[in-house]
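Structure first, commentary second.
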Amino acid sequence: MLTPHLLHIALEIFSGALVGFTLGLVGGGGSILAVPLMVYLVGVPNAHIAIGTSALAVAVNALVGLAQHARNKTVKWRCAGIFACCGVGGALLGASLGKAVDGKHLLLLFAILMVGVGILMVRGRHNTGCPGASCNRHNAPKVMAYGLGTGLLSGFFGIGGGFLIVPGLMASTSMPILNAVGTSLVAVAAFGFSTTFSYMLSGYIDWQLAGLFIIGGAIGCSLGTKAARALAGSTGRLTTVFACIIFTVAAYMIWQSIHQF
């Protein structure tokens, strides 16, 4: 029989596995899932600690997922580098602004943003993209602008940013979603570590919880990457799954936020 302590550890590892699976599957959802799981399931009392800890766990798990996508040759490295470099500065600025906002209000704003992103993804689900898409001198300014804006939002909401980066990469380069998922993980890791650094300086990291999330996430990420490759063969299916995850988590977060006011 599990003791309360062991049960709590099991919940933390299970939560990490869910986060990792979503990262591997759609390149996003790490912090979008990690923050509410830490707050509502694991029971972290401080939303800012949940945000800072999730940023670290997601960043590490993003690197695990990136290694697998790299082996499958679904990463556009030039685009990843440009997007991530432009976004890191925005993430640091956004994190400083986010810590000044009440945690409950932050989660509600985050959920509303997710709904908007989900709607855009559903509307464009039949756009398969161009497999040969890349970053060049013609679209580089657009990629840089999306990177900066996404980084700012990522840091402000304390998220890895995958749910913002994937649509941003698709919009700025016209690459297919499977390539956007793999490429996004470079920026997810960069944004996550930037946010982690800022929150660490303020003492908002639970290191033990982060470690357990990372262990579970490594397992989930491997399974998620395999599922992404299988779903990518069907037009619009991976994008639809992406949007459904956004809507489900956003609805839950909005309900919880309204309930707490």
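All residue names refer to the structure tokens as shown: chains lettered A, B, ... in order, residues numbered from 1 in each chain, ligands numbered from 1 in order.
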
Mind the document's chain letters and residue numbers, and return as a PyMOL selection string the residues of region 107-260 of chain A that DSSP labels helix (DSSP H, G or I).
chain A and resi 107-123+140-157+162-173+177-201+207-231+237-260

Quick one: everything within 9 Å of Ile49 (chain A), counting only C-alpha atoms, minus sequence neighbours fewer than 5 positions away in the same chain. Send it as an MDAnalysis selection string.
chainID A and resid 44 54 199 203:206

Residues of the last selection are to be written out with N, CA and C atoms, as a compact mmCIF listing (two decimals), in the first residue's frame.
# COMPACT_ATOMS: atom_id res chain seq x y z
N VAL A 44 1.11 22.48 -5.23
CA VAL A 44 2.05 23.58 -4.98
C VAL A 44 1.23 24.84 -4.66
N SER A 54 8.24 24.63 -13.25
CA SER A 54 7.82 24.02 -14.52
C SER A 54 8.72 24.48 -15.67
N TYR A 199 13.46 33.25 -12.44
CA TYR A 199 12.70 32.80 -11.26
C TYR A 199 13.62 32.24 -10.18
N GLY A 203 14.08 32.92 -6.00
CA GLY A 203 13.80 31.81 -5.08
C GLY A 203 12.54 31.05 -5.40
N TYR A 204 12.10 31.08 -6.66
CA TYR A 204 10.84 30.43 -7.05
C TYR A 204 11.07 29.08 -7.75
N ILE A 205 12.01 28.25 -7.25
CA ILE A 205 12.25 26.94 -7.83
C ILE A 205 12.17 25.88 -6.73
N ASP A 206 11.37 24.84 -6.96
CA ASP A 206 11.33 23.67 -6.08
C ASP A 206 12.17 22.60 -6.77

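Using only C-alpha atoms for every distance, the candidate list A:Phe247, A:Gly217, A:Ala34, A:Thr53 yields A:Phe247 as the residue closest to Gly116 (chain A).
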
Between CA of Asn72 (chain A) and CA of Val19 (chain A) - distance in Å to one decimal:
20.9 Å

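Between CA of Ala50 (chain A) and CA of Thr248 (chain A) the separation is 19.7 Å.
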
Quick one: everything within 9 Å of Val117 (chain A), counting only C-alpha atoms, minus sequence neighbours fewer than 6 positions away in the same chain. Send it as a ChimeraX atom specification.
/A:163-164,167,243,246

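If you look at CA of His8 (chain A) and CA of Leu209 (chain A), they are 10.3 Å away from each other.
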
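Among the candidate residues A:Ser222, A:Ser15, A:Thr239, A:Ser134, the one lying nearest to Thr183 (chain A) is A:Ser134, with distances computed using only C-alpha atoms.
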
All residues 12 Å or closer to Gln256 (chain A), only C-alpha atoms, same chain fewer than 4 positions away omitted, as a PyMOL selection string
chain A and resi 36-37+39-40+104-105+107-108+111+249-252+260-261

Write the residues of the selection above to a file with all heavy atoms, as a short mmCIF file (atom, residue, chain, number, x, y, z; two decimals), in the first residue's frame.
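File out-v2.cif, as written:
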data_model
loop_
_atom_site.label_atom_id
_atom_site.label_comp_id
_atom_site.auth_asym_id
_atom_site.auth_seq_id
_atom_site.Cartn_x
_atom_site.Cartn_y
_atom_site.Cartn_z
N PRO A 36 -0.75 23.99 -14.24
CA PRO A 36 -1.96 23.55 -13.56
C PRO A 36 -1.79 22.21 -12.83
O PRO A 36 -2.40 22.00 -11.78
CB PRO A 36 -3.00 23.43 -14.69
CG PRO A 36 -2.23 23.38 -15.94
CD PRO A 36 -0.97 24.16 -15.70
N LEU A 37 -0.98 21.29 -13.36
CA LEU A 37 -0.75 20.02 -12.67
C LEU A 37 -0.05 20.26 -11.33
O LEU A 37 -0.40 19.65 -10.32
CB LEU A 37 0.08 19.08 -13.54
CG LEU A 37 -0.66 18.38 -14.69
CD1 LEU A 37 0.33 17.65 -15.59
CD2 LEU A 37 -1.70 17.41 -14.17
N VAL A 39 -0.11 23.03 -9.56
CA VAL A 39 -0.97 23.79 -8.66
C VAL A 39 -2.16 22.97 -8.17
O VAL A 39 -2.46 22.92 -6.98
CB VAL A 39 -1.47 25.09 -9.35
CG1 VAL A 39 -2.51 25.79 -8.48
CG2 VAL A 39 -0.31 26.02 -9.63
N TYR A 40 -2.86 22.29 -9.11
CA TYR A 40 -4.13 21.65 -8.77
C TYR A 40 -4.02 20.17 -8.41
O TYR A 40 -4.85 19.65 -7.67
CB TYR A 40 -5.12 21.80 -9.93
CG TYR A 40 -5.31 23.24 -10.35
CD1 TYR A 40 -5.12 23.64 -11.68
CD2 TYR A 40 -5.69 24.22 -9.43
CE1 TYR A 40 -5.29 24.96 -12.06
CE2 TYR A 40 -5.85 25.54 -9.81
CZ TYR A 40 -5.66 25.91 -11.13
OH TYR A 40 -5.82 27.21 -11.51
N LYS A 104 -2.92 34.38 -9.70
CA LYS A 104 -4.24 33.95 -10.17
C LYS A 104 -4.63 34.67 -11.46
O LYS A 104 -5.18 34.08 -12.38
CB LYS A 104 -5.29 34.21 -9.08
CG LYS A 104 -5.09 33.36 -7.83
CD LYS A 104 -6.12 33.70 -6.77
CE LYS A 104 -5.90 32.88 -5.51
NZ LYS A 104 -6.87 33.23 -4.44
N HIS A 105 -4.34 35.98 -11.50
CA HIS A 105 -4.63 36.74 -12.71
C HIS A 105 -3.77 36.26 -13.88
O HIS A 105 -4.22 36.22 -15.02
CB HIS A 105 -4.38 38.23 -12.46
CG HIS A 105 -5.32 38.83 -11.45
ND1 HIS A 105 -4.97 39.88 -10.63
CD2 HIS A 105 -6.58 38.50 -11.09
CE1 HIS A 105 -5.97 40.20 -9.85
NE2 HIS A 105 -6.97 39.36 -10.10
N LEU A 107 -2.62 33.20 -14.45
CA LEU A 107 -3.14 31.94 -14.99
C LEU A 107 -4.39 32.17 -15.84
O LEU A 107 -4.58 31.51 -16.86
CB LEU A 107 -3.46 30.97 -13.84
CG LEU A 107 -2.26 30.46 -13.04
CD1 LEU A 107 -2.72 29.60 -11.88
CD2 LEU A 107 -1.31 29.68 -13.93
N LEU A 108 -5.24 33.11 -15.44
CA LEU A 108 -6.44 33.39 -16.22
C LEU A 108 -6.09 34.02 -17.56
O LEU A 108 -6.63 33.64 -18.61
CB LEU A 108 -7.38 34.31 -15.43
CG LEU A 108 -8.69 34.70 -16.14
CD1 LEU A 108 -9.50 33.46 -16.50
CD2 LEU A 108 -9.52 35.64 -15.25
N ALA A 111 -4.77 31.37 -19.89
CA ALA A 111 -5.81 30.51 -20.45
C ALA A 111 -6.55 31.20 -21.60
O ALA A 111 -6.87 30.57 -22.62
CB ALA A 111 -6.81 30.12 -19.35
N VAL A 249 -7.24 22.18 -21.73
CA VAL A 249 -6.51 22.74 -20.58
C VAL A 249 -6.95 24.17 -20.30
O VAL A 249 -7.09 24.57 -19.14
CB VAL A 249 -4.99 22.68 -20.84
CG1 VAL A 249 -4.22 23.28 -19.67
CG2 VAL A 249 -4.55 21.24 -21.06
N ALA A 250 -7.20 24.95 -21.36
CA ALA A 250 -7.64 26.34 -21.17
C ALA A 250 -8.97 26.40 -20.45
O ALA A 250 -9.16 27.22 -19.54
CB ALA A 250 -7.74 27.03 -22.52
N ALA A 251 -9.91 25.52 -20.82
CA ALA A 251 -11.22 25.51 -20.18
C ALA A 251 -11.10 25.19 -18.70
O ALA A 251 -11.75 25.82 -17.85
CB ALA A 251 -12.12 24.48 -20.87
N TYR A 252 -10.24 24.23 -18.39
CA TYR A 252 -10.05 23.86 -16.99
C TYR A 252 -9.43 25.00 -16.18
O TYR A 252 -9.84 25.30 -15.06
CB TYR A 252 -9.17 22.61 -16.90
CG TYR A 252 -8.93 22.14 -15.48
CD1 TYR A 252 -9.96 21.56 -14.75
CD2 TYR A 252 -7.69 22.30 -14.87
CE1 TYR A 252 -9.76 21.13 -13.45
CE2 TYR A 252 -7.48 21.87 -13.57
CZ TYR A 252 -8.52 21.28 -12.86
OH TYR A 252 -8.32 20.87 -11.57
N GLN A 260 -11.78 30.60 -8.01
CA GLN A 260 -10.96 31.10 -6.90
C GLN A 260 -11.15 32.59 -6.63
O GLN A 260 -10.71 33.09 -5.60
CB GLN A 260 -9.47 30.82 -7.19
CG GLN A 260 -9.12 29.34 -7.14
CD GLN A 260 -7.67 29.08 -7.45
OE1 GLN A 260 -6.87 30.00 -7.60
NE2 GLN A 260 -7.30 27.81 -7.58
N PHE A 261 -11.79 33.30 -7.57
CA PHE A 261 -11.99 34.75 -7.36
C PHE A 261 -13.10 34.99 -6.33
O PHE A 261 -14.06 34.25 -6.24
CB PHE A 261 -12.33 35.44 -8.67
CG PHE A 261 -11.13 35.65 -9.56
CD1 PHE A 261 -11.19 35.34 -10.91
CD2 PHE A 261 -9.95 36.14 -9.05
CE1 PHE A 261 -10.10 35.52 -11.73
CE2 PHE A 261 -8.84 36.34 -9.86
CZ PHE A 261 -8.92 36.03 -11.20
#

List the spatial neighbours of Phe14 (chain A) as a VMD selection string - criterion: any atom at most 12 Å away, only C-alpha atoms, same-chain residues fewer than 2 positions off excluded.
chain A and resid 7 to 12 16 to 21 33 to 34 37 to 38 41 to 42 209 212 to 220

Extract, using only C-alpha atoms, all DNA, RNA and protein residues at most 9 Å from Phe197 (chain A), discarding same-chain residues fewer than 3 positions from it, and format them as a PyMOL selection string.
chain A and resi 52+56+92+192-194+200-202
